[in-house]
Amino acid sequence: MLAIRTRRRKAVALATAVVLAGLAAPSLTATPATATSATATTAATTATASDYDSTYYKDAVGKTGDSLKSSLHTIISDQTKLSYSAVWDALKVTDQDPADSGNVILLYSGISRSKSLNGGDTGDWNREHVWAKSHGDFGTSTGPGTDIHHLRPEDVRVNSVRGNKDFDNGGSGFTDSGGSLTDSDSFEPRDAVKGDVARMIFYMAVRYEGGDGWADLEVNGSVDNGSSPYIGKLDVLKQWNDEDPPDAFEQRRNQVIYDDYQHNRNPFVDHPEWVEAIW
């Protein structure tokens with residue numbers, strides 16, 4: 001397995017470099033950057049998709065429904081697990097501001113903030129569990145609680161506003177919202193990351209199926225799931241996946257996690273159409 005993985009990483013090294021180069025450009029303050037060169041980004045995406053379909057995803061390509069979900073679960077469950085403390089340093093790399101290497105981009109607010117301001121005080125950023133950890137009661141133990149495919153930097157106060165709410169459209173703005181909205185039972189991320197949020201949720205629903213000591217996480221149509229191992233709303237998340245396709249920032253993040261940390265991928269960043277194929 002190690003030899004196969006090493007060859008696979010070498011095969012995509014050039015494509016990864018192209019994605020990173022495409023992220024270098026214009027000034028960014030409150031929103032994640034998109035690629036500065038559409039041509040470079042398209043070339044990199046095409047190259048990596050083709051390579052991974054014949055290697056990493058070879059047992060999933062051509063399948064649909066439960067068969068596709070099962071195959072992807074097997075593929076992405078082969079991963080290196082991080083400790084919760086190691087997540088701090090990982091997020092400083094995966095979510096680095098393309099315009100300022102000393103900063104990270106905060107998920108819901110879109111603010112660029114110093115990497116050194118991580119912690120639990122006002123003005124700090126902390127580790128947001130996009131799949132709220134109370135939905136399945138997995139906490140911060142190694143496993144779903146430390147899986148950086150759904151852990152993102154966020155302002156402490158904004159993180160508190162989101163809490164453990166399900167995702168849905170509607171609500172009102174709040175301080176440092178960046179365009180995100182909330183009401184009594186749901187949270188709507190800003191437009192630029194709606195698809196990112198959806199794909200992280202779908203990743204968790206495929207990766208954690210209840211067979212490794214953790215709860216079977218599933219997406220449903222509700223916004224009142226509480227501590228049950230469910231998150232909604234399914235139709236809204238599918239809509240967000242369609243309307244906000246993966247951009248260069250999200251693709252780079254997926255690649256860095258694969259190359260340097262967990263060595264598994266979010267298949268819905270590589271193939272967003274697989275959401276509809278399963279759900």
# chains A, B, ... in the order shown; residues from 1 in each chain; ligands from 1
>>> select_by_dssp(residues="region 69-222 of chain A", states="alpha helix (DSSP H)", output="PyMOL selection string")
chain A and resi 69-76+84-94+156-162+194-207
>>> residues_around(residues="Asn126 (chain A)", least_positions_apart="5", cutoff="8 Å", atoms="only C-alpha atoms", output="ChimeraX atom specification")
/A:118-120,153-156,159
>>> write_last_selection(atoms="all heavy atoms", output="tab-separated table (two decimals), in the first residue's frame")
chain	number	residue	atom	x	y	z
A	118	ASN	N	-4.75	31.69	17.20
A	118	ASN	CA	-5.60	30.52	17.43
A	118	ASN	C	-5.76	30.32	18.93
A	118	ASN	O	-4.81	30.44	19.69
A	118	ASN	CB	-5.00	29.28	16.78
A	118	ASN	CG	-3.65	28.90	17.34
A	118	ASN	OD1	-2.69	29.66	17.20
A	118	ASN	ND2	-3.54	27.73	17.95
A	119	GLY	N	-6.98	30.03	19.33
A	119	GLY	CA	-7.25	29.86	20.76
A	119	GLY	C	-8.73	29.98	21.05
A	119	GLY	O	-9.57	29.79	20.16
A	120	GLY	N	-9.07	30.37	22.28
A	120	GLY	CA	-10.46	30.40	22.68
A	120	GLY	C	-10.96	31.74	23.15
A	120	GLY	O	-12.08	31.84	23.65
A	153	PRO	N	-10.92	26.64	10.32
A	153	PRO	CA	-10.74	27.79	11.21
A	153	PRO	C	-11.97	28.69	11.19
A	153	PRO	O	-12.55	28.93	10.12
A	153	PRO	CB	-9.53	28.53	10.60
A	153	PRO	CG	-8.92	27.59	9.62
A	153	PRO	CD	-10.02	26.69	9.16
A	154	GLU	N	-12.36	29.18	12.36
A	154	GLU	CA	-13.46	30.14	12.43
A	154	GLU	C	-13.31	31.02	13.67
A	154	GLU	O	-12.79	30.58	14.69
A	154	GLU	CB	-14.82	29.44	12.44
A	154	GLU	CG	-16.01	30.40	12.31
A	154	GLU	CD	-15.82	31.40	11.18
A	154	GLU	OE1	-15.94	31.01	10.00
A	154	GLU	OE2	-15.53	32.58	11.49
A	155	ASP	N	-13.77	32.25	13.56
A	155	ASP	CA	-13.78	33.17	14.68
A	155	ASP	C	-14.54	32.56	15.85
A	155	ASP	O	-15.58	31.91	15.66
A	155	ASP	CB	-14.46	34.48	14.24
A	155	ASP	CG	-14.62	35.46	15.38
A	155	ASP	OD1	-13.63	36.11	15.75
A	155	ASP	OD2	-15.75	35.54	15.90
A	156	VAL	N	-14.03	32.76	17.05
A	156	VAL	CA	-14.62	32.15	18.24
A	156	VAL	C	-16.10	32.52	18.38
A	156	VAL	O	-16.95	31.66	18.64
A	156	VAL	CB	-13.83	32.57	19.50
A	156	VAL	CG1	-14.58	32.20	20.77
A	156	VAL	CG2	-12.44	31.93	19.49
A	159	ASN	N	-18.22	30.99	15.55
A	159	ASN	CA	-18.36	29.56	15.83
A	159	ASN	C	-19.48	29.33	16.85
A	159	ASN	O	-20.28	28.40	16.72
A	159	ASN	CB	-17.03	29.00	16.35
A	159	ASN	CG	-16.96	27.48	16.30
A	159	ASN	OD1	-17.95	26.80	16.10
A	159	ASN	ND2	-15.77	26.96	16.50
>>> closest_atom_pairs(of="region 53-86 of chain A", to="region 243-258 of chain A", cutoff="12 Å", atoms="only C-alpha atoms", output="Markdown table")
| residue | atom | partner | partner_atom | distance |
| --- | --- | --- | --- | --- |
| A:Tyr56 | CA | A:Tyr258 | CA | 11.1 |
| A:Ile76 | CA | A:Tyr258 | CA | 10.2 |
| A:Asp78 | CA | A:Tyr258 | CA | 11.0 |
| A:Gln79 | CA | A:Tyr258 | CA | 8.8 |
| A:Thr80 | CA | A:Tyr258 | CA | 9.6 |
| A:Lys81 | CA | A:Ile257 | CA | 11.1 |
| A:Leu82 | CA | A:Ile257 | CA | 11.1 |
>>> write_last_selection(atoms="all heavy atoms", output="short mmCIF file (atom, residue, chain, number, x, y, z; two decimals), in the first residue's frame")
data_model
loop_
_atom_site.label_atom_id
_atom_site.label_comp_id
_atom_site.auth_asym_id
_atom_site.auth_seq_id
_atom_site.Cartn_x
_atom_site.Cartn_y
_atom_site.Cartn_z
N TYR A 56 -6.84 5.86 -7.40
CA TYR A 56 -7.50 5.99 -6.09
C TYR A 56 -8.98 5.59 -6.14
O TYR A 56 -9.48 4.89 -5.26
CB TYR A 56 -7.35 7.44 -5.61
CG TYR A 56 -7.78 7.70 -4.18
CD1 TYR A 56 -7.01 7.25 -3.10
CD2 TYR A 56 -8.94 8.42 -3.91
CE1 TYR A 56 -7.40 7.51 -1.79
CE2 TYR A 56 -9.33 8.67 -2.61
CZ TYR A 56 -8.55 8.21 -1.55
OH TYR A 56 -8.94 8.46 -0.25
N ILE A 76 -11.92 5.84 1.30
CA ILE A 76 -11.50 6.98 2.11
C ILE A 76 -11.27 6.62 3.57
O ILE A 76 -10.71 7.42 4.33
CB ILE A 76 -12.49 8.16 2.00
CG1 ILE A 76 -13.85 7.81 2.60
CG2 ILE A 76 -12.63 8.58 0.54
CD1 ILE A 76 -14.86 8.97 2.56
N ASP A 78 -9.19 4.48 4.54
CA ASP A 78 -7.74 4.26 4.66
C ASP A 78 -7.09 5.62 4.85
O ASP A 78 -6.79 6.33 3.89
CB ASP A 78 -7.22 3.57 3.39
CG ASP A 78 -5.72 3.31 3.46
OD1 ASP A 78 -5.14 3.43 4.56
OD2 ASP A 78 -5.13 2.99 2.41
N GLN A 79 -6.89 6.02 6.09
CA GLN A 79 -6.39 7.35 6.38
C GLN A 79 -5.50 7.36 7.61
O GLN A 79 -5.56 6.46 8.45
CB GLN A 79 -7.55 8.34 6.62
CG GLN A 79 -8.27 8.13 7.95
CD GLN A 79 -9.42 9.09 8.17
OE1 GLN A 79 -10.56 8.75 7.88
NE2 GLN A 79 -9.13 10.28 8.67
N THR A 80 -4.67 8.38 7.71
CA THR A 80 -3.89 8.65 8.90
C THR A 80 -4.70 9.56 9.80
O THR A 80 -5.21 10.59 9.34
CB THR A 80 -2.55 9.33 8.54
OG1 THR A 80 -1.80 8.45 7.71
CG2 THR A 80 -1.75 9.67 9.78
N LYS A 81 -4.84 9.22 11.06
CA LYS A 81 -5.66 10.00 11.98
C LYS A 81 -4.78 10.97 12.78
O LYS A 81 -3.68 10.62 13.22
CB LYS A 81 -6.43 9.09 12.92
CG LYS A 81 -7.42 8.16 12.21
CD LYS A 81 -8.15 7.27 13.20
CE LYS A 81 -9.20 6.42 12.50
NZ LYS A 81 -8.59 5.44 11.57
N LEU A 82 -5.28 12.19 12.97
CA LEU A 82 -4.57 13.21 13.71
C LEU A 82 -5.10 13.32 15.13
O LEU A 82 -6.26 13.01 15.40
CB LEU A 82 -4.73 14.58 13.04
CG LEU A 82 -4.31 14.71 11.57
CD1 LEU A 82 -4.50 16.16 11.12
CD2 LEU A 82 -2.88 14.27 11.37
#
>>> atom_distance(atom1="CA of Glu273 (chain A)", atom2="CA of Asp53 (chain A)")
13.8 Å
>>> select_by_dssp(residues="region 28-273 of chain A", states="strand (DSSP E or B)", output="PyMOL selection string")
chain A and resi 96-97+100-105+112-114+118+125-129+151-155+166-167+172+181-182+186-188+209+216+218-219+230-231
>>> residues_around(residues="region 61-72 of chain A", least_positions_apart="4", cutoff="10 Å", atoms="only C-alpha atoms", output="PyMOL selection string")
chain A and resi 52-54+56-57+76-77+203+205-207+209+265-267+274-279
>>> write_last_selection(atoms="C-alpha atoms", output="PDB file, in the first residue's frame")
ATOM      1  CA  TYR A  52      -7.300   9.413  -9.497  1.00  0.00           C
ATOM      2  CA  ASP A  53     -10.095   7.769 -11.484  1.00  0.00           C
ATOM      3  CA  SER A  54      -7.691   5.100 -12.671  1.00  0.00           C
ATOM      4  CA  TYR A  56      -7.501   5.995  -6.088  1.00  0.00           C
ATOM      5  CA  TYR A  57     -11.140   5.809  -7.258  1.00  0.00           C
ATOM      6  CA  ILE A  76     -11.495   6.984   2.110  1.00  0.00           C
ATOM      7  CA  SER A  77     -11.410   4.986   5.358  1.00  0.00           C
ATOM      8  CA  TYR A 203     -17.816  13.321   3.078  1.00  0.00           C
ATOM      9  CA  ALA A 205     -21.773  10.765   5.886  1.00  0.00           C
ATOM     10  CA  VAL A 206     -19.736   8.410   3.683  1.00  0.00           C
ATOM     11  CA  ARG A 207     -16.607   8.143   5.822  1.00  0.00           C
ATOM     12  CA  GLU A 209     -20.818   4.465   8.634  1.00  0.00           C
ATOM     13  CA  ARG A 265      -9.476  12.556  -0.178  1.00  0.00           C
ATOM     14  CA  ASN A 266     -12.911  14.115  -0.116  1.00  0.00           C
ATOM     15  CA  PRO A 267     -14.406  12.406  -3.181  1.00  0.00           C
ATOM     16  CA  TRP A 274     -21.344  11.855  -7.030  1.00  0.00           C
ATOM     17  CA  VAL A 275     -23.611  13.638  -4.521  1.00  0.00           C
ATOM     18  CA  GLU A 276     -26.548  13.231  -6.875  1.00  0.00           C
ATOM     19  CA  ALA A 277     -25.422   9.708  -7.772  1.00  0.00           C
ATOM     20  CA  ILE A 278     -25.743   8.669  -4.100  1.00  0.00           C
ATOM     21  CA  TRP A 279     -28.521  10.902  -2.739  1.00  0.00           C
TER      22      TRP A 279
END
>>> closest_residue(among="A:Ala60, A:Asp137, A:Ala215, A:Thr94", to="His73 (chain A)", atoms="only C-alpha atoms")
A:Ala60
>>> residues_around(residues="Val197 (chain A)", least_positions_apart="5", cutoff="12 Å", atoms="only C-alpha atoms", output="ChimeraX atom specification")
/A:107-108,128-132,149-152,166-168,187-192,202-204,231-233,236-242,244-246,250,266,268-269
>>> atom_distance(atom1="CA of Val158 (chain A)", atom2="CA of Ser83 (chain A)")
23.9 Å
>>> atom_distance(atom1="CA of Asp235 (chain A)", atom2="CA of Gly173 (chain A)")
22.5 Å
>>> closest_residue(among="A:Asp124, A:Gly210, A:Ala198, A:Ala90", to="Pro272 (chain A)", atoms="only C-alpha atoms")
A:Ala198
>>> residues_around(residues="Ser141 (chain A)", least_positions_apart="3", cutoff="10 Å", atoms="only C-alpha atoms", output="PDB file with N, CA and C atoms, in the first residue's frame")
ATOM      1  N   LEU A  82      -5.280  12.187  12.968  1.00  0.00           N
ATOM      2  CA  LEU A  82      -4.566  13.214  13.711  1.00  0.00           C
ATOM      3  C   LEU A  82      -5.097  13.317  15.128  1.00  0.00           C
ATOM      4  N   SER A  83      -4.258  13.788  16.038  1.00  0.00           N
ATOM      5  CA  SER A  83      -4.725  14.150  17.375  1.00  0.00           C
ATOM      6  C   SER A  83      -5.407  15.514  17.286  1.00  0.00           C
ATOM      7  N   TYR A  84      -6.207  15.841  18.288  1.00  0.00           N
ATOM      8  CA  TYR A  84      -6.901  17.127  18.259  1.00  0.00           C
ATOM      9  C   TYR A  84      -5.913  18.287  18.349  1.00  0.00           C
ATOM     10  N   LYS A 133     -20.064  18.304  16.381  1.00  0.00           N
ATOM     11  CA  LYS A 133     -19.631  17.094  17.100  1.00  0.00           C
ATOM     12  C   LYS A 133     -20.693  16.511  18.002  1.00  0.00           C
ATOM     13  N   PHE A 138     -19.457  12.547  19.080  1.00  0.00           N
ATOM     14  CA  PHE A 138     -18.091  12.043  18.925  1.00  0.00           C
ATOM     15  C   PHE A 138     -17.043  12.962  19.532  1.00  0.00           C
ATOM     16  N   PRO A 144     -13.723  11.000  13.973  1.00  0.00           N
ATOM     17  CA  PRO A 144     -14.519  12.066  13.363  1.00  0.00           C
ATOM     18  C   PRO A 144     -14.297  13.419  14.026  1.00  0.00           C
ATOM     19  N   GLY A 145     -13.930  13.411  15.303  1.00  0.00           N
ATOM     20  CA  GLY A 145     -13.692  14.670  16.013  1.00  0.00           C
ATOM     21  C   GLY A 145     -12.415  15.368  15.627  1.00  0.00           C
ATOM     22  N   THR A 146     -11.535  14.680  14.892  1.00  0.00           N
ATOM     23  CA  THR A 146     -10.265  15.287  14.477  1.00  0.00           C
ATOM     24  C   THR A 146     -10.039  15.177  12.974  1.00  0.00           C
ATOM     25  N   ASP A 147     -11.060  14.836  12.237  1.00  0.00           N
ATOM     26  CA  ASP A 147     -10.945  14.662  10.788  1.00  0.00           C
ATOM     27  C   ASP A 147     -10.927  16.042  10.125  1.00  0.00           C
TER      28      ASP A 147
END
>>> residues_around(residues="Tyr230 (chain A)", least_positions_apart="2", cutoff="8 Å", atoms="only C-alpha atoms", output="JSON list (two decimals) with N, CA, C and O atoms, in the first residue's frame")
[["chain", "number", "residue", "atom", "x", "y", "z"],
["A", 135, "HIS", "N", -23.70, 16.05, 17.04],
["A", 135, "HIS", "CA", -24.55, 15.24, 16.16],
["A", 135, "HIS", "C", -23.88, 13.88, 15.96],
["A", 135, "HIS", "O", -23.25, 13.61, 14.93],
["A", 136, "GLY", "N", -24.01, 13.03, 16.94],
["A", 136, "GLY", "CA", -23.35, 11.74, 16.93],
["A", 136, "GLY", "C", -22.46, 11.57, 18.15],
["A", 136, "GLY", "O", -21.91, 10.50, 18.37],
["A", 217, "LEU", "N", -23.11, 8.31, 10.71],
["A", 217, "LEU", "CA", -23.53, 9.67, 10.39],
["A", 217, "LEU", "C", -24.31, 9.68, 9.08],
["A", 217, "LEU", "O", -23.88, 9.10, 8.10],
["A", 218, "GLU", "N", -25.45, 10.36, 9.08],
["A", 218, "GLU", "CA", -26.28, 10.42, 7.87],
["A", 218, "GLU", "C", -26.87, 11.81, 7.69],
["A", 218, "GLU", "O", -27.08, 12.54, 8.66],
["A", 219, "VAL", "N", -27.12, 12.18, 6.45],
["A", 219, "VAL", "CA", -27.76, 13.44, 6.11],
["A", 219, "VAL", "C", -29.26, 13.19, 5.95],
["A", 219, "VAL", "O", -29.66, 12.22, 5.32],
["A", 220, "ASN", "N", -30.09, 14.07, 6.53],
["A", 220, "ASN", "CA", -31.53, 13.90, 6.40],
["A", 220, "ASN", "C", -32.21, 15.23, 6.07],
["A", 220, "ASN", "O", -31.53, 16.22, 5.78],
["A", 225, "ASN", "N", -32.20, 18.10, 14.55],
["A", 225, "ASN", "CA", -31.64, 16.78, 14.83],
["A", 225, "ASN", "C", -31.02, 16.65, 16.22],
["A", 225, "ASN", "O", -30.81, 15.53, 16.69],
["A", 228, "SER", "N", -28.82, 13.55, 17.73],
["A", 228, "SER", "CA", -28.86, 12.38, 16.84],
["A", 228, "SER", "C", -27.73, 12.48, 15.82],
["A", 228, "SER", "O", -27.29, 13.57, 15.48],
["A", 232, "GLY", "N", -29.09, 18.00, 8.59],
["A", 232, "GLY", "CA", -29.85, 18.40, 7.43],
["A", 232, "GLY", "C", -29.49, 19.83, 7.04],
["A", 232, "GLY", "O", -28.62, 20.44, 7.64]]
>>> residues_around(residues="Ser184 (chain A)", least_positions_apart="2", cutoff="9 Å", atoms="only C-alpha atoms", output="mmCIF file with C-alpha atoms, in the first residue's frame")
data_model
loop_
_atom_site.group_PDB
_atom_site.id
_atom_site.type_symbol
_atom_site.label_atom_id
_atom_site.label_comp_id
_atom_site.auth_asym_id
_atom_site.auth_seq_id
_atom_site.Cartn_x
_atom_site.Cartn_y
_atom_site.Cartn_z
ATOM 1 C CA LYS A 165 -27.345 24.060 14.204
ATOM 2 C CA GLY A 171 -32.085 33.873 8.830
ATOM 3 C CA THR A 182 -28.736 32.222 11.172
ATOM 4 C CA SER A 186 -30.418 26.591 11.303
ATOM 5 C CA PHE A 187 -27.341 28.215 9.811
#
